[in-house]
Amino acid sequence: MTIVAQYSTPGGAIVSATGAAAALAILARVVYCVVSDRTLAARTRKAQLDALALIARPHLRYDALVVEHPAAAAYCLPGRARQVVLTSAALSALDHSQLLAVLAHERAHLRGRHDLILAAADALQHAFPRVAAFRIARTELGRLVEMLADDNAVRHSDRTTVATALVRLAEHGVTPVAALGAGGESALNRVRRLISPVRPLGTGRTAVAALAMGVLVALPLFFAIAPASAAGAMAPCPAGEQSLAM
């Protein structure tokens, strides 16, 4: 009854209606950006796949497509017709073990569907371009998915091999739009990470970090349900009506 009375007042109705309208507007904006970005990315990938069908040749040993190009590059095109692409310069610049490390890196992107993670970050950045947090989050997520793919490559090759391959790709490497590549701007920082890896947090610190993240997520929910919880602990009838009933 207390909650209903609160929302029935003119002020409560205005606040609730404004909040609902703002929430729907934000949701609609995010959904629109997600659909728009995914549609554009799908068209770009299709155009690239159509071009690769004309100019690329399959490499049976490495299960990848090879394109004649003077710049060393290795990248993958996610989606239904996912493909790993190598340039002829990459085949010349990398030895067999380095190529296997690069291929493991690219296939980790495809298996993990890292493009969907980056698509969500892109949508938030495009939906709210003036919010610096979303711009920073997109940059950091790009670095994190590359590190995750590097860690997967390290399971198949040693760290030195992966780091050397990254350096050679970073020197002249290029990555097309809507693709994920082993090179890129973060390659040199990732090389330093591979050569001198940091110590893991350990069980204790990991548990503390997970607990802190859980508190941050649960705190807004706690404040959201606090009024309803308080109302549930109240008497079912106001004090005046209780006395009349008695």
# chains A, B, ... in the order shown; residues from 1 in each chain; ligands from 1
>>> select_by_dssp(residues="segment 5-75 of chain A", states="strand (DSSP E or B)", output="JSON, numbers by chain")
{"A": [57, 58, 59, 64, 65, 66, 67, 74, 75]}
>>> residues_around(residues="Leu65 of chain A", least_positions_apart="4", cutoff="6 Å", atoms="only C-alpha atoms", output="PyMOL selection string")
chain A and resi 56-59+85
>>> write_last_selection(atoms="N, CA and C atoms", output="tab-separated table (two decimals), in the first residue's frame")
chain	number	residue	atom	x	y	z
A	56	ALA	N	42.40	-14.91	-53.75
A	56	ALA	CA	43.12	-15.73	-52.78
A	56	ALA	C	43.23	-17.17	-53.26
A	57	ARG	N	44.25	-17.83	-52.76
A	57	ARG	CA	44.43	-19.26	-53.05
A	57	ARG	C	44.48	-20.01	-51.72
A	58	PRO	N	43.89	-21.20	-51.66
A	58	PRO	CA	43.92	-21.95	-50.39
A	58	PRO	C	45.29	-22.56	-50.13
A	59	HIS	N	45.68	-22.55	-48.88
A	59	HIS	CA	46.92	-23.20	-48.46
A	59	HIS	C	46.52	-24.43	-47.66
A	85	VAL	N	43.21	-15.67	-42.98
A	85	VAL	CA	43.87	-15.16	-44.18
A	85	VAL	C	45.32	-14.82	-43.84
>>> closest_residue(among="A:Leu169, A:Leu141, A:Ala28, A:Met147", to="Ala93 of chain A", atoms="only C-alpha atoms")
A:Leu169
>>> atom_distance(atom1="atom CA of Leu40 of chain A", atom2="atom CA of Thr175 of chain A")
17.0 Å
>>> atom_distance(atom1="atom CA of Leu118 of chain A", atom2="atom CA of Ser196 of chain A")
26.8 Å
